[in-house]
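Have a look at run.cif below; it lists mmCIF, C-alpha atoms, pLDDT in the B column; chains and numbers go by the auth columns.
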```
data_work
#
loop_
_atom_site.group_PDB
_atom_site.id
_atom_site.type_symbol
_atom_site.label_atom_id
_atom_site.label_comp_id
_atom_site.label_asym_id
_atom_site.label_seq_id
_atom_site.Cartn_x
_atom_site.Cartn_y
_atom_site.Cartn_z
_atom_site.B_iso_or_equiv
_atom_site.auth_seq_id
_atom_site.auth_asym_id
ATOM 1 C CA MET A 1 -23.740 187.005 8.792 45.00 1412 A
ATOM 2 C CA LYS A 2 -23.137 190.389 10.431 40.00 1413 A
ATOM 3 C CA LYS A 3 -25.706 191.963 8.129 40.00 1414 A
ATOM 4 C CA LEU A 4 -28.290 189.330 9.058 36.00 1415 A
ATOM 5 C CA LEU A 5 -27.616 189.817 12.768 38.00 1416 A
ATOM 6 C CA SER A 6 -27.885 193.600 12.388 39.00 1417 A
ATOM 7 C CA MET A 7 -31.231 193.272 10.606 40.00 1418 A
ATOM 8 C CA MET A 8 -32.511 190.925 13.316 42.00 1419 A
ATOM 9 C CA ALA A 9 -31.368 193.301 16.040 42.00 1420 A
ATOM 10 C CA LEU A 10 -33.109 196.240 14.340 40.00 1421 A
ATOM 11 C CA SER A 11 -36.313 194.215 13.954 43.00 1422 A
ATOM 12 C CA LEU A 12 -36.243 193.272 17.633 40.00 1423 A
ATOM 13 C CA LEU A 13 -35.608 196.884 18.611 39.00 1424 A
ATOM 14 C CA CYS A 14 -38.596 197.996 16.534 42.00 1425 A
ATOM 15 C CA LEU A 15 -40.726 195.309 18.112 39.00 1426 A
ATOM 16 C CA PHE A 16 -39.818 196.307 21.661 42.00 1427 A
ATOM 17 C CA MET A 17 -39.907 200.045 21.102 43.00 1428 A
ATOM 18 C CA GLY A 18 -43.078 200.040 19.017 45.00 1429 A
ATOM 19 C CA SER A 19 -41.629 202.878 16.969 44.00 1430 A
ATOM 20 C CA CYS A 20 -41.490 201.197 13.581 47.00 1431 A
ATOM 21 C CA ASP A 21 -45.230 201.079 12.982 49.00 1432 A
ATOM 22 C CA ASP A 22 -46.056 202.366 9.508 58.00 1433 A
ATOM 23 C CA ASN A 23 -48.797 204.586 10.960 74.00 1434 A
ATOM 24 C CA ASP A 24 -46.613 206.253 13.615 88.00 1435 A
ATOM 25 C CA ILE A 25 -45.832 209.869 12.894 90.00 1436 A
ATOM 26 C CA SER A 26 -43.699 212.546 14.459 91.00 1437 A
ATOM 27 C CA VAL A 27 -45.268 215.342 16.481 88.00 1438 A
ATOM 28 C CA SER A 28 -43.844 217.769 13.912 87.00 1439 A
ATOM 29 C CA ASP A 29 -46.066 216.147 11.253 92.00 1440 A
ATOM 30 C CA ILE A 30 -49.296 216.754 13.174 94.00 1441 A
ATOM 31 C CA PRO A 31 -51.386 219.797 12.190 95.00 1442 A
ATOM 32 C CA ALA A 32 -51.319 222.598 14.760 96.00 1443 A
ATOM 33 C CA GLN A 33 -55.098 222.466 15.250 97.00 1444 A
ATOM 34 C CA VAL A 34 -54.883 218.770 16.210 97.00 1445 A
ATOM 35 C CA LEU A 35 -52.064 219.389 18.690 97.00 1446 A
ATOM 36 C CA ASN A 36 -53.877 222.405 20.130 97.00 1447 A
ATOM 37 C CA SER A 37 -57.046 220.355 20.667 98.00 1448 A
ATOM 38 C CA PHE A 38 -55.090 217.555 22.318 98.00 1449 A
ATOM 39 C CA ASN A 39 -53.165 219.949 24.582 97.00 1450 A
ATOM 40 C CA GLU A 40 -56.394 221.723 25.526 97.00 1451 A
ATOM 41 C CA LYS A 41 -58.107 218.467 26.452 97.00 1452 A
ATOM 42 C CA TYR A 42 -55.049 216.806 28.042 97.00 1453 A
ATOM 43 C CA PRO A 43 -52.691 219.552 29.252 97.00 1454 A
ATOM 44 C CA GLY A 44 -49.184 218.465 30.153 95.00 1455 A
ATOM 45 C CA ILE A 45 -49.558 214.963 28.683 96.00 1456 A
ATOM 46 C CA SER A 46 -47.316 213.706 25.902 95.00 1457 A
ATOM 47 C CA ALA A 47 -48.459 211.132 23.385 97.00 1458 A
ATOM 48 C CA GLN A 48 -47.358 208.919 20.554 97.00 1459 A
ATOM 49 C CA TRP A 49 -49.279 209.649 17.375 97.00 1460 A
ATOM 50 C CA GLU A 50 -50.684 207.655 14.491 97.00 1461 A
ATOM 51 C CA LYS A 51 -52.308 208.912 11.316 95.00 1462 A
ATOM 52 C CA ASP A 52 -55.365 207.173 9.910 88.00 1463 A
ATOM 53 C CA VAL A 53 -57.150 208.126 6.715 86.00 1464 A
ATOM 54 C CA ASN A 54 -59.505 210.658 8.348 91.00 1465 A
ATOM 55 C CA SER A 55 -58.095 211.118 11.820 96.00 1466 A
ATOM 56 C CA TYR A 56 -55.138 211.334 14.141 97.00 1467 A
ATOM 57 C CA LYS A 57 -54.852 209.017 17.131 98.00 1468 A
ATOM 58 C CA ALA A 58 -52.916 209.931 20.264 98.00 1469 A
ATOM 59 C CA GLU A 59 -51.750 207.078 22.512 98.00 1470 A
ATOM 60 C CA PHE A 60 -50.909 208.132 26.057 98.00 1471 A
ATOM 61 C CA ARG A 61 -51.274 207.392 29.769 97.00 1472 A
ATOM 62 C CA LEU A 62 -54.156 208.991 31.649 96.00 1473 A
ATOM 63 C CA ASN A 63 -54.346 208.588 35.410 94.00 1474 A
ATOM 64 C CA GLY A 64 -52.128 205.513 35.211 94.00 1475 A
ATOM 65 C CA LYS A 65 -54.161 203.838 32.453 96.00 1476 A
ATOM 66 C CA ASP A 66 -53.593 203.372 28.725 98.00 1477 A
ATOM 67 C CA ALA A 67 -55.699 205.761 26.661 98.00 1478 A
ATOM 68 C CA ASP A 68 -56.292 206.572 23.001 98.00 1479 A
ATOM 69 C CA ALA A 69 -57.865 209.782 21.732 98.00 1480 A
ATOM 70 C CA TRP A 70 -58.978 210.454 18.171 98.00 1481 A
ATOM 71 C CA PHE A 71 -59.076 213.852 16.508 98.00 1482 A
ATOM 72 C CA SER A 72 -60.399 214.763 13.071 97.00 1483 A
ATOM 73 C CA THR A 73 -57.987 216.253 10.578 94.00 1484 A
ATOM 74 C CA ASN A 74 -59.366 219.721 11.389 95.00 1485 A
ATOM 75 C CA GLY A 75 -58.660 219.241 15.103 96.00 1486 A
ATOM 76 C CA ASP A 76 -62.094 218.285 16.446 97.00 1487 A
ATOM 77 C CA TRP A 77 -61.946 215.804 19.298 98.00 1488 A
ATOM 78 C CA VAL A 78 -63.850 212.662 18.264 98.00 1489 A
ATOM 79 C CA ARG A 79 -63.526 210.262 21.198 98.00 1490 A
ATOM 80 C CA THR A 80 -61.281 208.892 23.908 98.00 1491 A
ATOM 81 C CA GLU A 81 -60.976 205.268 25.036 98.00 1492 A
ATOM 82 C CA VAL A 82 -59.412 204.444 28.388 98.00 1493 A
ATOM 83 C CA ASP A 83 -58.529 200.844 29.268 98.00 1494 A
ATOM 84 C CA ILE A 84 -59.974 199.832 32.604 96.00 1495 A
ATOM 85 C CA LEU A 85 -59.844 196.662 34.625 95.00 1496 A
ATOM 86 C CA LYS A 86 -63.076 194.712 34.635 92.00 1497 A
ATOM 87 C CA THR A 87 -62.860 194.806 38.426 93.00 1498 A
ATOM 88 C CA ASP A 88 -63.110 198.611 38.206 95.00 1499 A
ATOM 89 C CA LEU A 89 -66.533 198.500 36.552 97.00 1500 A
ATOM 90 C CA PRO A 90 -69.294 199.930 38.756 97.00 1501 A
ATOM 91 C CA GLN A 91 -71.487 197.207 40.220 97.00 1502 A
ATOM 92 C CA VAL A 92 -74.576 198.688 38.522 98.00 1503 A
ATOM 93 C CA VAL A 93 -72.866 198.155 35.140 97.00 1504 A
ATOM 94 C CA VAL A 94 -71.854 194.588 35.988 97.00 1505 A
ATOM 95 C CA ASP A 95 -75.380 193.807 37.216 97.00 1506 A
ATOM 96 C CA ALA A 96 -76.974 195.233 34.044 97.00 1507 A
ATOM 97 C CA VAL A 97 -74.715 193.181 31.777 96.00 1508 A
ATOM 98 C CA GLN A 98 -75.212 189.981 33.767 95.00 1509 A
ATOM 99 C CA LYS A 99 -78.986 190.440 33.742 96.00 1510 A
ATOM 100 C CA ALA A 100 -79.170 191.152 30.000 95.00 1511 A
ATOM 101 C CA TYR A 101 -76.621 188.500 28.995 94.00 1512 A
ATOM 102 C CA GLU A 102 -77.081 185.568 31.341 93.00 1513 A
ATOM 103 C CA GLY A 103 -74.274 183.046 31.138 93.00 1514 A
ATOM 104 C CA TYR A 104 -71.801 185.481 29.567 94.00 1515 A
ATOM 105 C CA VAL A 105 -68.554 186.462 31.254 94.00 1516 A
ATOM 106 C CA ILE A 106 -67.043 189.941 31.209 95.00 1517 A
ATOM 107 C CA ASP A 107 -63.729 189.714 29.379 93.00 1518 A
ATOM 108 C CA ASP A 108 -62.532 193.302 29.070 94.00 1519 A
ATOM 109 C CA ALA A 109 -63.744 196.887 29.476 97.00 1520 A
ATOM 110 C CA ASP A 110 -63.016 200.418 28.286 98.00 1521 A
ATOM 111 C CA TRP A 111 -64.347 203.807 29.341 98.00 1522 A
ATOM 112 C CA ILE A 112 -65.450 205.728 26.245 98.00 1523 A
ATOM 113 C CA GLU A 113 -65.908 209.499 26.098 98.00 1524 A
ATOM 114 C CA THR A 114 -67.440 211.230 23.086 97.00 1525 A
ATOM 115 C CA PRO A 115 -68.739 214.764 22.615 97.00 1526 A
ATOM 116 C CA SER A 116 -72.308 213.478 22.916 96.00 1527 A
ATOM 117 C CA GLN A 117 -72.118 210.602 25.430 95.00 1528 A
ATOM 118 C CA ASN A 118 -69.886 208.696 27.832 97.00 1529 A
ATOM 119 C CA TYR A 119 -70.233 204.968 28.483 97.00 1530 A
ATOM 120 C CA TYR A 120 -68.484 201.703 29.240 98.00 1531 A
ATOM 121 C CA ASP A 121 -67.654 199.380 26.344 97.00 1532 A
ATOM 122 C CA VAL A 122 -67.866 195.968 27.982 96.00 1533 A
ATOM 123 C CA ASP A 123 -66.594 192.937 26.059 95.00 1534 A
ATOM 124 C CA ILE A 124 -68.402 189.737 27.024 95.00 1535 A
ATOM 125 C CA GLU A 125 -68.026 186.146 25.876 94.00 1536 A
ATOM 126 C CA LYS A 126 -69.704 182.814 26.335 92.00 1537 A
ATOM 127 C CA GLY A 127 -68.077 179.432 25.821 86.00 1538 A
ATOM 128 C CA GLY A 128 -65.449 180.450 23.304 79.00 1539 A
ATOM 129 C CA SER A 129 -67.844 182.404 21.094 81.00 1540 A
ATOM 130 C CA ALA A 130 -66.831 185.724 19.591 83.00 1541 A
ATOM 131 C CA ASP A 131 -66.822 188.686 21.959 87.00 1542 A
ATOM 132 C CA ILE A 132 -69.883 190.916 22.079 92.00 1543 A
ATOM 133 C CA HIS A 133 -69.406 194.629 22.765 94.00 1544 A
ATOM 134 C CA VAL A 134 -72.051 196.010 25.092 96.00 1545 A
ATOM 135 C CA HIS A 135 -72.262 199.774 25.641 97.00 1546 A
ATOM 136 C CA VAL A 136 -73.499 200.635 29.125 97.00 1547 A
ATOM 137 C CA THR A 137 -73.990 204.030 30.781 97.00 1548 A
ATOM 138 C CA THR A 138 -72.879 204.721 34.333 96.00 1549 A
ATOM 139 C CA ASP A 139 -76.433 204.112 35.562 97.00 1550 A
ATOM 140 C CA GLY A 140 -76.613 200.644 33.973 96.00 1551 A
ATOM 141 C CA THR A 141 -78.572 201.523 30.850 97.00 1552 A
ATOM 142 C CA ILE A 142 -77.544 199.304 27.934 97.00 1553 A
ATOM 143 C CA LEU A 143 -77.102 201.384 24.785 95.00 1554 A
ATOM 144 C CA LYS A 144 -75.951 198.880 22.192 64.00 1555 A
ATOM 145 C CA ASN A 145 -76.025 195.133 21.821 54.00 1556 A
#
```
Just dump the structure as structure tokens.
Amino acid sequence: MKKLLSMMALSLLCLFMGSCDDNDISVSDIPAQVLNSFNEKYPGISAQWEKDVNSYKAEFRLNGKDADAWFSTNGDWVRTEVDILKTDLPQVVVDAVQKAYEGYVIDDADWIETPSQNYYDVDIEKGGSADIHVHVTTDGTILKN
């Protein structure tokens, strides 16, 4: 019985701490070029790290918001996604989405930065259908349907 309770307690601890994910890795296991790129881009910020097949993902807080940044195995920054409230979307972005997707409702939004372009990833839905991701620039130009 004690063993069962101990296993349950450990499982709950892992669940609440988020530290028992199979992809989580220690900072000491991250290549120096990846850490250098992260520290250059986000000085003074600490992160939790995950390893994917071809990249490393840093999870951290940026200006009070949850953010994820991906780096290639050789240290190149690939992209950053920052969670934003849908109420924080610029009105020009909201207007563009509502015009292009009449009857859809904005469900969620992220700010995406890449080496070549920055944009909002706006999730929209209509009547229980699957979400559609719409990429919209800061001036309201829709990039992807």
TODO: Place a sphere of radius 9 Å on (-75.1, 200.4, 32.7) in the file coordinates and name every protein, DNA or RNA residue with an atom inside or on its surface, counting all atoms listed in the file; give the answer as a count of residues only.
DONE: 19
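Pairwise distance (atom CA of A:Ser1466, atom CA of A:Phe1482) equals 5.5 Å.
In this structure, atom CA of A:Leu1473 sits 8.7 Å away from atom CA of A:Tyr1453.
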Task: Residues within 12 Å of (-49.7, 216.9, 32.6), counting only C-alpha atoms, listed as a PyMOL selection string - done: chain A and resi 1449-1458+1471-1475
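The residues returned by the PyMOL selection byres ((chain A and resi 1444-1447) around 8) for this structure are Ile1441, Pro1442, Ala1443, Ser1448, Phe1449, Asn1450, Glu1451, Tyr1467, Phe1482, Ser1483, Thr1484, Asn1485, Gly1486 and Asp1487 of chain A.
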Around all the atoms of stretch 1497-1512 of chain A listed in the file, draw an axis-aligned box and extend it by 5 Å on each of the six sides; I want its centre and edge lengths in Å to one decimal, as lines of an AutoDock Vina configuration file.
```
center_x = -71.0
center_y = 194.2
center_z = 34.6
size_x = 26.3
size_y = 21.4
size_z = 21.2
```
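You will find atom CA of A:Trp1481 at 20.7 Å from atom CA of A:Val1545.
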Open item on the list: So that I can see what lies close to A:Tyr1515, please list as an MDAnalysis selection string the residues with an atom at most 8 Å from it, counting all atoms listed in the file and leaving out residues fewer than 4 positions away in the same chain.
Closed with: chainID A and resid 1509 1535:1537
Open item on the list: Show me, as an MDAnalysis selection string, the residues that have an atom within 12 Å of A:Gly1538 when counting all atoms listed in the file, minus same-chain residues fewer than 5 positions from it.
Closed with: chainID A and resid 1514:1518
Would you export the selected residues with C-alpha atoms as a PDB file, in the frame of the given file, please?
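Okay, this is what ended up in out.pdb:
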```
ATOM      1  CA  GLY A1514     -74.274 183.046  31.138  1.00 93.00           C
ATOM      2  CA  TYR A1515     -71.801 185.481  29.567  1.00 94.00           C
ATOM      3  CA  VAL A1516     -68.554 186.462  31.254  1.00 94.00           C
ATOM      4  CA  ILE A1517     -67.043 189.941  31.209  1.00 95.00           C
ATOM      5  CA  ASP A1518     -63.729 189.714  29.379  1.00 93.00           C
TER       6      ASP A1518
END
```
TODO: Excluding A:Asp1435 and residues on its chain fewer than 6 positions from it, collect all residues at most 9 Å away from it, counting all atoms listed in the file, and give them as a list in words.
DONE: Gly1429, Gln1459, Trp1460, Glu1461 and Lys1462 of chain A
- [ ] Give the answer as one residue: which of A:Ala1469, A:Ala1480, A:Ile1495, A:Ile1543 has the shortest atom-to-atom distance to A:Pro1526, using only C-alpha atoms?
- [x] A:Ala1480
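The environment of A:Asp1521 within 12 Å, counting all atoms listed in the file and disregarding residues fewer than 6 places along the same chain, consists of Lys1476, Asp1477, Ala1478, Asp1479, Thr1491, Glu1492, Val1493, Asp1494, Ile1495, Leu1496, Lys1497, Thr1498, Asp1499, Leu1500, Asn1529, Tyr1530, Tyr1531, Asp1532, Val1533, Asp1534, His1544, Val1545, His1546, Val1547 and Thr1548 of chain A.
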